[in-house]
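This is coords18.txt (compact mmCIF, C-alpha atoms).
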```txt
# COMPACT_ATOMS: atom_id res chain seq x y z
CA ALA A 296 -11.03 141.34 44.97
CA LEU A 297 -9.94 139.00 47.77
CA ALA A 298 -10.23 135.99 45.45
CA GLU A 299 -7.90 137.74 42.99
CA LEU A 300 -5.44 138.46 45.82
CA PHE A 301 -5.44 134.84 46.99
CA ASP A 302 -5.08 133.65 43.40
CA ALA A 303 -1.94 135.80 43.14
CA HIS A 304 -0.75 134.43 46.50
CA TRP A 305 -1.12 130.85 45.18
CA HIS A 306 1.22 131.56 42.27
CA THR A 307 3.68 133.48 44.44
CA ARG A 308 4.27 130.55 46.82
CA HIS A 309 6.60 128.63 44.50
CA SER A 310 7.76 131.53 42.34
CA GLY A 311 10.88 132.31 44.36
CA ALA A 312 9.75 135.91 44.87
CA LEU A 313 9.29 135.60 48.66
CA ARG A 314 10.60 133.52 51.52
CA VAL A 315 7.89 131.09 52.59
CA ASP A 316 7.64 132.52 56.11
CA ALA A 317 7.06 136.01 54.65
CA TRP A 318 4.47 134.57 52.23
CA LYS A 319 2.57 132.96 55.09
CA ARG A 320 2.59 136.21 57.10
CA GLU A 321 1.04 138.07 54.17
CA ILE A 322 -1.81 135.57 54.02
CA GLU A 323 -2.28 135.61 57.81
CA PHE A 324 -3.01 139.35 57.58
CA ASP A 325 -6.11 138.50 55.54
CA ALA A 326 -7.16 135.33 57.39
CA ALA A 327 -10.21 136.89 59.09
CA ASN A 328 -11.29 138.47 55.82
CA ALA A 329 -10.77 135.13 54.06
CA ALA A 330 -13.25 133.34 56.32
CA GLU A 331 -15.85 136.05 55.83
CA ALA A 332 -15.29 136.24 52.07
CA MET A 333 -15.54 132.46 51.69
CA ALA A 334 -18.80 132.36 53.63
CA TRP A 335 -20.22 135.17 51.49
CA ALA A 336 -19.15 133.51 48.23
CA ILE A 337 -20.64 130.18 49.28
CA ARG A 338 -23.96 131.85 50.12
CA ALA A 339 -23.88 133.61 46.74
CA GLY A 340 -23.20 130.34 44.89
CA LEU A 341 -19.74 131.48 43.78
CA ALA A 342 -17.92 128.20 44.31
CA ASP A 343 -14.83 129.11 42.28
CA GLN A 344 -14.21 132.33 44.22
CA ALA A 345 -14.65 130.53 47.52
CA LEU A 346 -12.32 127.74 46.38
CA THR A 347 -9.68 130.18 45.14
CA ILE A 348 -9.53 131.69 48.63
CA GLY A 349 -9.86 128.41 50.50
CA ALA A 350 -7.19 126.41 48.66
CA THR A 351 -4.55 129.12 49.12
CA TRP A 352 -5.50 129.69 52.74
CA LEU A 353 -5.33 125.96 53.44
CA HIS A 354 -1.92 125.72 51.75
CA ALA A 355 -0.59 128.48 54.03
CA MET A 356 -2.33 127.49 57.27
CA SER A 357 -0.10 126.29 60.09
CA ARG A 358 -0.13 122.54 60.66
CA PHE A 359 -0.52 123.31 64.36
CA MET A 360 -4.08 124.57 63.66
CA HIS A 361 -5.26 120.99 63.21
CA ALA A 362 -9.02 121.44 63.73
CA ASP A 363 -9.12 124.52 61.49
CA ARG A 364 -7.15 122.73 58.77
CA MET A 365 -9.44 119.71 58.81
CA GLY A 366 -12.55 121.88 58.62
CA LEU A 367 -11.16 123.97 55.77
CA ALA A 368 -9.97 120.86 53.92
CA ASP A 369 -13.47 119.40 54.04
CA SER A 370 -14.90 122.71 52.77
CA CYS A 371 -12.41 122.80 49.90
CA ALA A 372 -13.21 119.21 48.96
CA THR A 373 -16.93 120.07 48.80
CA LEU A 374 -16.30 123.22 46.77
CA ALA A 375 -14.05 121.33 44.34
CA GLY A 376 -17.03 119.15 43.49
CA LEU A 377 -18.90 122.27 42.40
CA SER A 378 -16.08 123.85 40.39
CA GLU A 379 -15.75 123.58 36.62
CA SER A 380 -12.11 124.74 36.62
CA PRO A 381 -9.58 121.88 36.32
CA GLU A 382 -6.81 124.05 37.79
CA LEU A 383 -8.89 125.05 40.82
CA ARG A 384 -9.88 121.42 41.39
CA MET A 385 -6.19 120.50 41.19
CA ARG A 386 -5.26 123.22 43.71
CA ALA A 387 -7.94 121.98 46.09
CA ALA A 388 -6.79 118.37 45.74
CA LEU A 389 -3.14 119.25 46.42
CA ALA A 390 -3.97 121.44 49.42
CA THR A 391 -6.40 118.97 50.97
CA ALA A 392 -3.97 116.09 50.42
CA ARG A 393 -1.32 118.00 52.41
CA ALA A 394 -3.77 118.61 55.23
CA TRP A 395 -4.92 114.97 55.30
CA ALA A 396 -1.41 113.49 54.94
CA ASN A 397 -1.09 112.07 58.46
CA PRO A 398 -4.60 111.55 59.83
CA ARG A 399 -6.22 110.36 56.56
CA LYS A 400 -3.52 108.76 54.42
CA ARG A 401 -5.85 106.88 52.07
CA ARG A 402 -8.04 109.91 51.55
CA ALA A 403 -4.95 112.06 51.01
CA PHE A 404 -3.62 109.73 48.33
CA ALA A 405 -7.00 109.65 46.55
CA ALA A 406 -6.93 113.46 46.47
CA VAL A 407 -3.40 113.71 45.13
CA ASP A 408 -4.17 111.00 42.57
CA ARG A 409 -6.99 113.23 41.28
CA ALA A 410 -4.60 116.17 41.28
CA LEU A 411 -2.10 114.24 39.15
CA ALA A 412 -4.78 113.34 36.60
CA LEU A 413 -5.84 116.99 36.42
CA ALA A 414 -2.22 118.15 36.12
CA ARG A 415 -1.72 115.81 33.18
CA SER A 416 -4.76 117.30 31.44
CA ILE A 417 -3.44 120.84 32.02
CA ASP A 418 0.19 120.04 31.13
CA ALA A 419 -0.23 120.18 27.35
CA SER A 420 -1.24 123.86 27.42
CA ALA A 421 0.86 124.98 30.42
CA PRO A 422 3.72 127.48 29.90
CA ASP A 423 6.11 125.11 31.69
CA ARG A 424 5.87 121.68 33.28
CA TRP A 425 5.84 122.89 36.87
CA LEU A 426 2.24 121.85 37.65
CA LEU A 427 2.87 118.27 36.55
CA TYR A 428 6.19 118.22 38.45
CA ARG A 429 4.46 119.44 41.59
CA ALA A 430 1.66 116.88 41.34
CA LEU A 431 4.11 114.04 40.67
CA ALA A 432 6.22 115.02 43.68
CA GLN A 433 3.24 115.08 46.00
CA TRP A 434 1.94 111.80 44.52
CA VAL A 435 5.23 110.10 45.41
CA VAL A 436 5.26 111.60 48.91
CA SER A 437 1.70 110.48 49.59
CA GLY A 438 2.07 107.09 47.91
CA SER A 439 5.29 106.30 49.78
CA SER A 440 3.35 106.21 53.06
CA LEU A 441 1.12 103.37 51.80
CA ALA A 442 2.58 99.94 52.49
CA ASP A 443 0.74 98.32 49.58
CA MET A 444 1.90 100.85 46.98
CA PRO A 445 4.07 99.01 44.39
CA PRO A 446 7.64 100.36 44.50
CA ALA A 447 7.79 100.21 40.70
CA ALA A 448 4.92 102.72 40.42
CA LEU A 449 6.70 105.13 42.74
CA LYS A 450 10.00 104.67 40.91
CA GLY A 451 8.30 105.33 37.58
CA ALA A 452 6.83 108.58 38.92
CA LEU A 453 10.24 109.62 40.27
CA ASP A 454 11.87 108.94 36.89
CA GLU A 455 9.24 111.12 35.19
CA LEU A 456 9.76 113.79 37.84
CA ASP A 457 13.50 113.84 37.17
CA ARG A 458 12.95 114.18 33.41
CA ILE A 459 10.65 117.18 33.91
CA GLU A 460 12.78 118.97 36.48
CA ASP A 461 14.31 122.27 35.38
CA ARG A 462 17.44 123.13 37.35
CA ALA A 463 16.79 126.82 36.64
CA TRP A 464 13.69 126.70 38.85
CA PRO A 465 13.99 128.41 42.26
CA PRO A 466 14.61 126.27 45.38
CA HIS A 467 10.95 126.93 46.30
CA ARG A 468 10.14 124.40 43.56
CA LEU A 469 13.10 122.05 43.57
CA ASP A 470 12.67 121.20 47.26
CA LEU A 471 9.55 119.22 46.33
CA GLY A 472 11.64 116.87 44.21
CA LEU A 473 14.09 116.35 47.05
CA GLU A 474 11.18 115.61 49.39
CA ALA A 475 9.73 113.05 46.98
CA HIS A 476 13.02 111.14 46.65
CA ALA A 477 13.55 111.22 50.42
CA PHE A 478 10.08 109.84 51.14
CA PHE A 479 10.60 107.02 48.66
CA LEU A 480 13.84 106.06 50.40
CA SER A 481 12.06 105.98 53.78
CA ARG A 482 10.15 102.86 52.72
CA SER A 483 11.16 99.49 54.15
CA ASP A 484 11.43 98.06 50.62
CA ALA A 485 13.75 100.82 49.32
CA GLY A 486 16.89 98.67 49.61
CA PRO A 487 19.90 98.24 51.92
CA GLU A 488 21.60 101.52 50.96
CA ALA A 489 18.44 103.60 51.36
CA ALA A 490 19.17 104.93 54.86
CA ARG A 491 22.46 106.57 53.86
CA ALA A 492 21.06 107.96 50.60
CA ARG A 493 18.00 109.29 52.42
CA LEU A 494 20.23 111.00 54.98
CA ALA A 495 22.05 112.89 52.22
CA LEU A 496 18.74 113.98 50.71
CA ILE A 497 17.29 115.05 54.06
CA ARG A 498 20.37 117.18 54.70
CA ARG A 499 19.84 118.90 51.36
CA THR A 500 16.14 119.34 52.17
CA ALA A 501 16.95 120.92 55.53
CA ALA A 502 19.40 123.29 53.86
CA ALA A 503 16.74 124.25 51.31
CA ALA A 504 14.18 124.83 54.08
CA ALA A 505 16.58 127.17 55.85
CA GLN A 506 17.26 129.00 52.59
CA ILE A 507 13.61 129.59 51.67
CA GLY A 508 12.18 129.94 55.19
CA ASP A 509 9.93 126.90 55.10
CA ASP A 510 9.21 124.90 58.28
CA LEU A 511 12.79 124.35 59.44
CA GLU A 512 11.57 122.61 62.60
CA THR A 513 10.02 119.75 60.62
CA SER A 514 13.15 119.49 58.46
CA LEU A 515 15.37 119.19 61.55
CA ASN A 516 13.04 116.60 63.04
CA ASN A 517 13.20 114.56 59.83
CA LEU A 518 16.98 114.97 59.80
CA MET A 519 17.21 113.56 63.33
CA ASP A 520 15.19 110.50 62.24
CA ALA A 521 17.43 109.97 59.20
CA GLU A 522 20.64 110.36 61.21
CA LEU A 523 19.43 107.90 63.82
CA ALA A 524 18.35 105.40 61.14
CA SER A 525 21.83 105.59 59.62
CA GLY A 526 23.39 104.87 63.04
CA ASP A 527 24.98 108.30 63.58
CA VAL A 528 23.96 108.98 67.18
CA ASP A 529 26.32 111.93 67.66
CA ALA A 530 24.89 113.74 64.63
CA THR A 531 21.39 113.01 65.92
CA ALA A 532 22.23 114.66 69.23
CA ARG A 533 23.69 117.73 67.49
CA THR A 534 20.61 118.12 65.33
CA GLY A 535 18.40 117.66 68.38
CA ARG A 536 20.18 120.50 70.16
CA ALA A 537 19.75 122.69 67.06
CA LEU A 538 16.04 121.85 67.01
CA ILE A 539 15.66 122.75 70.71
CA GLU A 540 17.39 126.06 70.00
CA GLN A 541 15.09 126.68 67.03
CA LEU A 542 12.03 126.01 69.19
CA SER A 543 13.24 128.09 72.15
CA GLY A 544 10.73 130.77 73.09
CA SER A 545 8.10 129.52 70.63
CA ARG A 546 4.72 127.89 71.26
CA ASN A 547 5.19 125.15 68.69
CA GLU A 548 3.04 122.39 70.18
CA HIS A 549 3.49 120.10 67.17
```
If you convert what's in this file into structure tokens, what do you get?
Amino acid sequence: ALAELFDAHWHTRHSGALRVDAWKREIEFDAANAAEAMAWAIRAGLADQALTIGATWLHAMSRFMHADRMGLADSCATLAGLSESPELRMRAALATARAWANPRKRRAFAAVDRALALARSIDASAPDRWLLYRALAQWVVSGSSLADMPPAALKGALDELDRIEDRAWPPHRLDLGLEAHAFFLSRSDAGPEAARARLALIRRTAAAAAQIGDDLETSLNNLMDAELASGDVDATARTGRALIEQLSGSRNEH
């Protein structure tokens, strides 16, 4: 029953039905049960049930819970090797790649590369092209952090992403495309006009984060970086004050 609930939670995340902060709170209510249910499923040899719970939980888990995220990511990676479901393996790869993004960039890219291959295999029978869009967006984000990634490969993925994008999708989906374009423009080889174009995208991303309730602190931090890179010190200071206000009274150690 818990696996079915977490499967529904996975699909709800980008459906537009809930703000992201409300979605995370719903999953947090079942966090203790999730750990127990995963342990039971693993002992019973039910890898798919354990992975269904683990991938969704990992996707929702706060980035401030670093040790817990790394442990769960490793568990999901192991379970994915036991699963026969391409979609569950794709979920695990996307969730683990997010968790590994900063401390294990090469490992994160390998995971999202697997996710993209799986998404392509699922795409032909999918009701819409959202899964492929999502995997492409995360592939560009992860690949943009690798200095030896050919810009042409990233640009090709972005062009495919733009062709797939459906403007009728909720902002809970479209923000991933904005993020992908912004990460590409953060590269040193993105061209002389990249800083200004990235700033415009980051502003749109921050507005989307505020709209859907998704990690506004990180969006403001990225906006400060983009404003400073474009030479707008006054705007950087204003955004910094907004970030301090956002963090006031919280225990956000990140």
List every residue of range 393-488 of chain A that has an atom at most 12 Å from any atom of range 302-318 of chain A, and for each one report the closest atom pair and its distance in Å to one decimal, counting all atoms listed in the file, with rows sorted by chain and then by increasing residue number, as CSV.
```
residue,atom,partner,partner_atom,distance
A:Trp425,CA,A:His309,CA,9.6
A:Leu426,CA,A:His309,CA,10.6
A:Arg429,CA,A:His309,CA,9.9
A:Ala463,CA,A:Gly311,CA,11.2
A:Trp464,CA,A:Gly311,CA,8.4
A:Pro465,CA,A:Gly311,CA,5.4
A:Pro466,CA,A:Gly311,CA,7.2
A:His467,CA,A:His309,CA,5.0
A:Arg468,CA,A:His309,CA,5.6
A:Leu469,CA,A:His309,CA,9.3
A:Asp470,CA,A:His309,CA,10.0
A:Leu471,CA,A:His309,CA,10.0
```
Distance query Arg399 in chain A at most 12 Å, only C-alpha atoms, self and fewer than 4 positions along chain excluded, as a PyMOL selection string
chain A and resi 365+368-369+391-395+403-406+437+440-441
Compile the contact shell of Ile497 in chain A as number ranges by chain: residues with an atom at most 9 Å away, counting only C-alpha atoms, same-chain residues fewer than 4 positions apart removed.
A: 473-474, 477, 492-493, 501-502, 514-515, 517-518, 521
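Separating CA of Arg482 in chain A from CA of Val435 in chain A is a distance of 11.4 Å.
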May I have the residues within 8 Å of Leu377 in chain A as a ChimeraX atom specification, using only C-alpha atoms and disregarding those fewer than 2 positions away in the same chain?
/A:342-343,373-375,379
Can you list, as a ChimeraX atom specification, every protein, DNA or RNA residue that comes within 9 Å of Val436 in chain A when you count all atoms listed in the file, leaving out same-chain residues fewer than 5 positions away?
/A:431,474-479
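If you measure from each of A:Ala489, A:Leu353, A:Leu456, A:Ala296 to Ala524 in chain A using all atoms listed in the file, the closest one turns out to be A:Ala489.
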Would you work out the distance separating CA of Gln344 in chain A from CA of Asp509 in chain A, expressed in Å to one decimal?
27.0 Å
Could you work out how far CA of Leu449 in chain A lies from CA of Pro398 in chain A, giving the answer in Å with one decimal?
21.5 Å
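Distance check against Thr534 in chain A using all atoms listed in the file: of A:Arg424, A:Arg358, A:Arg546, A:Arg498, the minimum falls on A:Arg498.
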As a ChimeraX atom specification, please: the residues near Thr351 in chain A (cut-off 12 Å, all atoms listed in the file, same-chain neighbours under 5 positions excluded).
/A:297-308,318-319,321-323,325-326,329,333,344-346,356,364,367-368,371,383,385-391
Those selected residues, please, written with C-alpha atoms and delivered as an mmCIF file, in the frame of the given file.
```cif
data_model
loop_
_atom_site.group_PDB
_atom_site.id
_atom_site.type_symbol
_atom_site.label_atom_id
_atom_site.label_comp_id
_atom_site.auth_asym_id
_atom_site.auth_seq_id
_atom_site.Cartn_x
_atom_site.Cartn_y
_atom_site.Cartn_z
ATOM 1 C CA LEU A 297 -9.940 139.000 47.770
ATOM 2 C CA ALA A 298 -10.230 135.990 45.450
ATOM 3 C CA GLU A 299 -7.900 137.740 42.990
ATOM 4 C CA LEU A 300 -5.440 138.460 45.820
ATOM 5 C CA PHE A 301 -5.440 134.840 46.990
ATOM 6 C CA ASP A 302 -5.080 133.650 43.400
ATOM 7 C CA ALA A 303 -1.940 135.800 43.140
ATOM 8 C CA HIS A 304 -0.750 134.430 46.500
ATOM 9 C CA TRP A 305 -1.120 130.850 45.180
ATOM 10 C CA HIS A 306 1.220 131.560 42.270
ATOM 11 C CA THR A 307 3.680 133.480 44.440
ATOM 12 C CA ARG A 308 4.270 130.550 46.820
ATOM 13 C CA TRP A 318 4.470 134.570 52.230
ATOM 14 C CA LYS A 319 2.570 132.960 55.090
ATOM 15 C CA GLU A 321 1.040 138.070 54.170
ATOM 16 C CA ILE A 322 -1.810 135.570 54.020
ATOM 17 C CA GLU A 323 -2.280 135.610 57.810
ATOM 18 C CA ASP A 325 -6.110 138.500 55.540
ATOM 19 C CA ALA A 326 -7.160 135.330 57.390
ATOM 20 C CA ALA A 329 -10.770 135.130 54.060
ATOM 21 C CA MET A 333 -15.540 132.460 51.690
ATOM 22 C CA GLN A 344 -14.210 132.330 44.220
ATOM 23 C CA ALA A 345 -14.650 130.530 47.520
ATOM 24 C CA LEU A 346 -12.320 127.740 46.380
ATOM 25 C CA MET A 356 -2.330 127.490 57.270
ATOM 26 C CA ARG A 364 -7.150 122.730 58.770
ATOM 27 C CA LEU A 367 -11.160 123.970 55.770
ATOM 28 C CA ALA A 368 -9.970 120.860 53.920
ATOM 29 C CA CYS A 371 -12.410 122.800 49.900
ATOM 30 C CA LEU A 383 -8.890 125.050 40.820
ATOM 31 C CA MET A 385 -6.190 120.500 41.190
ATOM 32 C CA ARG A 386 -5.260 123.220 43.710
ATOM 33 C CA ALA A 387 -7.940 121.980 46.090
ATOM 34 C CA ALA A 388 -6.790 118.370 45.740
ATOM 35 C CA LEU A 389 -3.140 119.250 46.420
ATOM 36 C CA ALA A 390 -3.970 121.440 49.420
ATOM 37 C CA THR A 391 -6.400 118.970 50.970
#
```
